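Here is the structure we will look at, set down as structure tokens.
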Amino acid sequence: MPEIKVTPLGAGQDVGRSCILVSIGGKNIMLDCGMHMGYNDDRRFPDFSYITQNGRLTDFLDCVIISHFHLDHCGALPYMSEMVGYDGPIYMTHPTKAICPILLEDFRKITVDKKGETNFFTSQMIKDCMKKVIPLNLHQTVQVDDELEIKAYYAGHVLGAAMVHIKVGSESVVYTGDYNMTPDRHLGAAWIDKCRPDLLISESTYATTIRDSKRCRERDFLKKVHESIERGGKVLIPVFALGRAQELCILLETFWERMNLKAPIYFSTGLTEKANHYYKLFITWTNQKIRKTFVQRNMFEFKHIKAFDRSYADNPGPMVVFATPGMLHAGQSLQIFKKWAGNEKNMVIMPGYCVQGTIGHKILNGQRKLEMEGRSTLDVKLQVEYMSFSAHADAKGIMQLIRMAEPRNMLLVHGEAIKMEFLKGKIEQEFSIDCYMPANGETVTVTTNPSVPVDMSLNLLKREMALGG
């Protein structure tokens with residue numbers, strides 16, 4: 001019997017370092033090639049020695065597909081292609097191809113130039129890696145070779161994010177990457193054909209969550225920011241440069257305008273100017289409303305939000321600062337957090353998921369004394385708030401996608417084991433299909449029932465029907 005084999009090298013019962021190997025119809029495909037935010041050692045990158053102990057990966061892989069530009073999905077790409085060695089095709093959408101190298105270079109700067117780490121990819125390696133990329137258009141079938149074809153679908157989540165449908169002969173797999181089934185202020189909702197794949201591989205970050213309505217969350221967020229500003233506090237919002245950042249900027253910008261507020265809002269990072277430039281460039285990937293208003297004005301040009309200078313952090317009086325990165329594990333957001341942590345008037349709002357091992361994760365779990373580098377401890381007195389503005393599908397969204405695609409089997413990645421268990425039970429119960437959740441390095445084998453097309457004359461068919469009828 002033909003079969004599909006799936007082995008996660010990363011994101012198996014874990015969030016971070018997404019890298020999934022799929023073999024289907026004699027072809028080997030790598031889905032995503034990410035790094036882990038929670039580690040600073042070898043565990044940061046997937047263990048490619050699983051594929052081959054020595055030699056280049058080119059001989060063992062038919063193609064690599066990157067779903068979107070977040071580093072936990074593309075951060076190990078230059079390491080894999082330039083340091084381990086891979087010369088085959090790498091597929092991603094146009095926006096991902098444009099934004100990926102910017103984020104990779106930023107990550108390299110923090111790691112190498114600031115922390116002085118060695119055994120890391122160089123700027124040149126990023127450029128050489130990107131030369132191997134073949135851009136994908138949505139809904140366009142691409143022939144990787146004679147037997148293997150892929151097709152990208154809109155995934156919401158962030159600008160340029162895509163799900164991929166992979167087909168070899170009559171066997172097929174859909175990989176979702178990260179996706180969002182509800183439209184937000186700047187992106188549309190994920191969508192896919194009823195393609196009935198043999199296997200659907202889905203993220204499950206929020207496997208047990210059914211999120212409250214977006215409107216309530218936005219009201220709550222604005223209320224907290226407003227209250228903090230009123231009592232003279234400073235609000236830090238750690239974000240990644242693209243995605244939630246734009247979402248929350250649009251939200252605060254309209255609120256400031258409506259309430260006629262005077263407290264400054266700053267955005268730290270040169271990345272954002274670039275980010276907004278790409279949002280303008282790839283306006284067709286955003287949602288209907290933004291495309292409509294684009295004719296009169298660009299929603300990504302802000303009146304109330306100014307560029308941040310690090311000296312501003314010491315300014316007296318209230319302010320709101322968006323700073324990168326989103327999990328407080330390095331960079332500008334961590335610097336500002338250290339400065340503001342000691343004052344109970346201040347507030348930090350974590351708008352997304354934080355990986356274990358990061359400061360964001362620690363403070364969300366109520367830690368009030370943090371051990372920093374160089375044995376110093378930091379007392380956390382400021383208010384810590386968590387508001388999920390995360391662009392992942394919740395439990396309801398995952399079920400919705402299953403209904404949309406009608407897969408024969410299901411496999412969960414990019415989530416925590418306990419939550420996955422729960423969702424696996426629900427999926428098996430509701431859809432009567434097998435659901436798998438392999439750990440890193442564990443291989444799942446799914447048997448497929450290929451359909452064999454047969455040509456038959458109409459006369460014979462009619463005669464058969466008459467006899468059988």
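In the structure tokens, chains take the letters A, B, ... in the order shown, each chain's residues start at 1, and ligands count up from 1 in the order shown.
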- What lies within 7 Å of Lys419 in chain A using only C-alpha atoms, ignoring chain neighbours under 3 positions off, as an NGL selection string? :A and (207-208 or 416 or 422-423)
Write a file of the selected residues as a compact mmCIF listing (two decimals), in the first residue's frame, keeping N, CA, C and O atoms.
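New file result.txt:
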```txt
# COMPACT_ATOMS: atom_id res chain seq x y z
N ALA A 207 -4.86 25.16 20.56
CA ALA A 207 -5.70 23.97 20.37
C ALA A 207 -6.88 23.88 21.32
O ALA A 207 -7.90 23.30 21.00
N THR A 208 -6.76 24.47 22.52
CA THR A 208 -7.86 24.32 23.48
C THR A 208 -8.58 25.63 23.72
O THR A 208 -9.44 25.72 24.58
N GLU A 416 1.35 22.59 22.13
CA GLU A 416 1.82 21.88 23.32
C GLU A 416 1.09 20.55 23.45
O GLU A 416 -0.13 20.47 23.25
N PHE A 422 -6.06 16.93 23.68
CA PHE A 422 -7.46 17.32 23.82
C PHE A 422 -8.10 17.51 22.43
O PHE A 422 -9.16 16.99 22.14
N LEU A 423 -7.40 18.26 21.58
CA LEU A 423 -7.92 18.56 20.25
C LEU A 423 -8.00 17.29 19.40
O LEU A 423 -8.96 17.08 18.66
```
- Item | DSSP strand (DSSP E or B) residues within range 45-256 of chain A, as a VMD selection string | chain A and resid 63 to 65 90 to 93 133 to 136 138 141 to 143 148 to 154 162 to 168 171 to 175 199 to 203 206 234 to 238
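Atom pair CA of Glu247 in chain A / CA of Phe389 in chain A has a distance of 8.6 Å (rounded to one decimal).
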At most 12 Å is the cut-off: for each residue in range 288-340 of chain A with any atom that close to an atom of range 94-115 of chain A, write down the nearest atom pair and the distance in Å rounded to one decimal, counting only C-alpha atoms, chain first then increasing number, as CSV.
```
residue,atom,partner,partner_atom,distance
A:Thr324,CA,A:Asp106,CA,10.8
A:Pro325,CA,A:Phe107,CA,9.9
A:His329,CA,A:Ile110,CA,10.9
A:Ala330,CA,A:Ile110,CA,7.8
A:Gly331,CA,A:Ile110,CA,7.1
A:Gln332,CA,A:Ile110,CA,10.2
```
Kindly export the residues of the current selection with N, CA, C and O atoms, as an mmCIF file, in the first residue's frame.
```cif
data_model
loop_
_atom_site.group_PDB
_atom_site.id
_atom_site.type_symbol
_atom_site.label_atom_id
_atom_site.label_comp_id
_atom_site.auth_asym_id
_atom_site.auth_seq_id
_atom_site.Cartn_x
_atom_site.Cartn_y
_atom_site.Cartn_z
ATOM 1 N N THR A 324 10.386 45.881 19.572
ATOM 2 C CA THR A 324 10.648 44.493 19.170
ATOM 3 C C THR A 324 11.794 43.932 20.012
ATOM 4 O O THR A 324 12.621 44.697 20.492
ATOM 5 N N PRO A 325 11.886 42.608 20.193
ATOM 6 C CA PRO A 325 10.981 41.568 19.710
ATOM 7 C C PRO A 325 9.838 41.306 20.690
ATOM 8 O O PRO A 325 9.819 41.850 21.792
ATOM 9 N N HIS A 329 12.920 38.513 24.626
ATOM 10 C CA HIS A 329 14.096 37.675 24.842
ATOM 11 C C HIS A 329 15.396 38.380 24.455
ATOM 12 O O HIS A 329 16.470 37.838 24.656
ATOM 13 N N ALA A 330 15.314 39.585 23.903
ATOM 14 C CA ALA A 330 16.524 40.306 23.482
ATOM 15 C C ALA A 330 16.100 41.687 23.014
ATOM 16 O O ALA A 330 14.929 42.052 23.105
ATOM 17 N N GLY A 331 17.077 42.436 22.522
ATOM 18 C CA GLY A 331 16.776 43.667 21.787
ATOM 19 C C GLY A 331 16.137 44.789 22.588
ATOM 20 O O GLY A 331 16.156 44.826 23.813
ATOM 21 N N GLN A 332 15.563 45.720 21.836
ATOM 22 C CA GLN A 332 15.038 46.969 22.380
ATOM 23 C C GLN A 332 13.920 46.761 23.406
ATOM 24 O O GLN A 332 13.883 47.430 24.434
#
```
- Item | Contacts of range 364-373 of chain A within 9 Å, only C-alpha atoms, excl. fewer than 3 positions in-chain, as an NGL selection string | :A and (350 or 354 or 359-361 or 376-381 or 384-386)
For N, CA and C atoms, I'd like the residues from the last selection saved as a PDB file, in the first residue's frame.
```pdb
ATOM      1  N   MET A 350       1.490  41.969  26.863  1.00  0.00           N
ATOM      2  CA  MET A 350       2.032  40.948  25.947  1.00  0.00           C
ATOM      3  C   MET A 350       0.916  40.553  24.977  1.00  0.00           C
ATOM      4  N   CYS A 354       4.194  33.459  23.989  1.00  0.00           N
ATOM      5  CA  CYS A 354       5.596  33.502  24.408  1.00  0.00           C
ATOM      6  C   CYS A 354       6.121  32.090  24.625  1.00  0.00           C
ATOM      7  N   ILE A 359      11.786  35.762  28.685  1.00  0.00           N
ATOM      8  CA  ILE A 359      11.336  36.595  29.814  1.00  0.00           C
ATOM      9  C   ILE A 359       9.839  36.834  29.743  1.00  0.00           C
ATOM     10  N   GLY A 360       9.322  36.975  28.513  1.00  0.00           N
ATOM     11  CA  GLY A 360       7.877  37.138  28.331  1.00  0.00           C
ATOM     12  C   GLY A 360       7.111  36.001  28.985  1.00  0.00           C
ATOM     13  N   HIS A 361       7.575  34.784  28.770  1.00  0.00           N
ATOM     14  CA  HIS A 361       6.922  33.593  29.326  1.00  0.00           C
ATOM     15  C   HIS A 361       6.999  33.613  30.845  1.00  0.00           C
ATOM     16  N   SER A 376      22.636  39.440  37.993  1.00  0.00           N
ATOM     17  CA  SER A 376      21.830  40.475  38.657  1.00  0.00           C
ATOM     18  C   SER A 376      20.371  40.028  38.646  1.00  0.00           C
ATOM     19  N   THR A 377      19.591  40.505  39.649  1.00  0.00           N
ATOM     20  CA  THR A 377      18.162  40.173  39.621  1.00  0.00           C
ATOM     21  C   THR A 377      17.368  41.453  39.352  1.00  0.00           C
ATOM     22  N   LEU A 378      16.222  41.275  38.750  1.00  0.00           N
ATOM     23  CA  LEU A 378      15.376  42.419  38.425  1.00  0.00           C
ATOM     24  C   LEU A 378      14.031  42.218  39.105  1.00  0.00           C
ATOM     25  N   ASP A 379      13.623  43.217  39.901  1.00  0.00           N
ATOM     26  CA  ASP A 379      12.307  43.152  40.537  1.00  0.00           C
ATOM     27  C   ASP A 379      11.258  43.681  39.570  1.00  0.00           C
ATOM     28  N   VAL A 380      10.229  42.888  39.366  1.00  0.00           N
ATOM     29  CA  VAL A 380       9.174  43.307  38.445  1.00  0.00           C
ATOM     30  C   VAL A 380       8.010  43.874  39.251  1.00  0.00           C
ATOM     31  N   LYS A 381       7.846  45.195  39.175  1.00  0.00           N
ATOM     32  CA  LYS A 381       6.752  45.829  39.921  1.00  0.00           C
ATOM     33  C   LYS A 381       5.655  46.338  38.992  1.00  0.00           C
ATOM     34  N   VAL A 384       1.592  43.472  34.664  1.00  0.00           N
ATOM     35  CA  VAL A 384       1.784  42.592  33.513  1.00  0.00           C
ATOM     36  C   VAL A 384       0.418  42.144  33.010  1.00  0.00           C
ATOM     37  N   GLU A 385       0.141  42.408  31.747  1.00  0.00           N
ATOM     38  CA  GLU A 385      -1.146  42.025  31.177  1.00  0.00           C
ATOM     39  C   GLU A 385      -0.912  41.149  29.957  1.00  0.00           C
ATOM     40  N   TYR A 386      -1.795  40.174  29.749  1.00  0.00           N
ATOM     41  CA  TYR A 386      -1.696  39.345  28.559  1.00  0.00           C
ATOM     42  C   TYR A 386      -2.979  39.494  27.759  1.00  0.00           C
TER      43      TYR A 386
END
```
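You can rank A:His277, A:Lys262, A:Lys214, A:Lys151 by their closest distance to Gly317 in chain A using only C-alpha atoms, and at the top of that list sits A:Lys262.
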- Taking into account only C-alpha atoms, which residue in the set A:Met181, A:Glu171, A:Gln429, A:Pro238 is nearest to Arg211 in chain A? A:Met181
- Suppose you want the space between CA of Ile29 in chain A and CA of Met130 in chain A; what is it in Å?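 We find that CA of Ile29 in chain A and CA of Met130 in chain A lie 18.2 Å from each other.
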- Message: as a list in words, please: the residues near Cys74 in chain A (cut-off 9 Å, only C-alpha atoms, same-chain neighbours under 4 positions excluded).
- Response: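 That gives Arg17, Ser18, Cys19, Asp32, Cys33, Gly34, Met35, Ile66, Ser67, His68, Phe69, His70, Pro78, Cys100 and Leu104 of chain A.
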- Test item, helix (DSSP H, G or I) assignment across range 64-257 of chain A, answer as an MDAnalysis selection string: chainID A and resid 71:74 77:85 94:114 123:131 214:230 244:257
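Distances here use only C-alpha atoms; by that measure, the residue among A:Asp193, A:Glu203, A:Glu421, A:Glu147 closest to Ile398 in chain A is A:Glu203.
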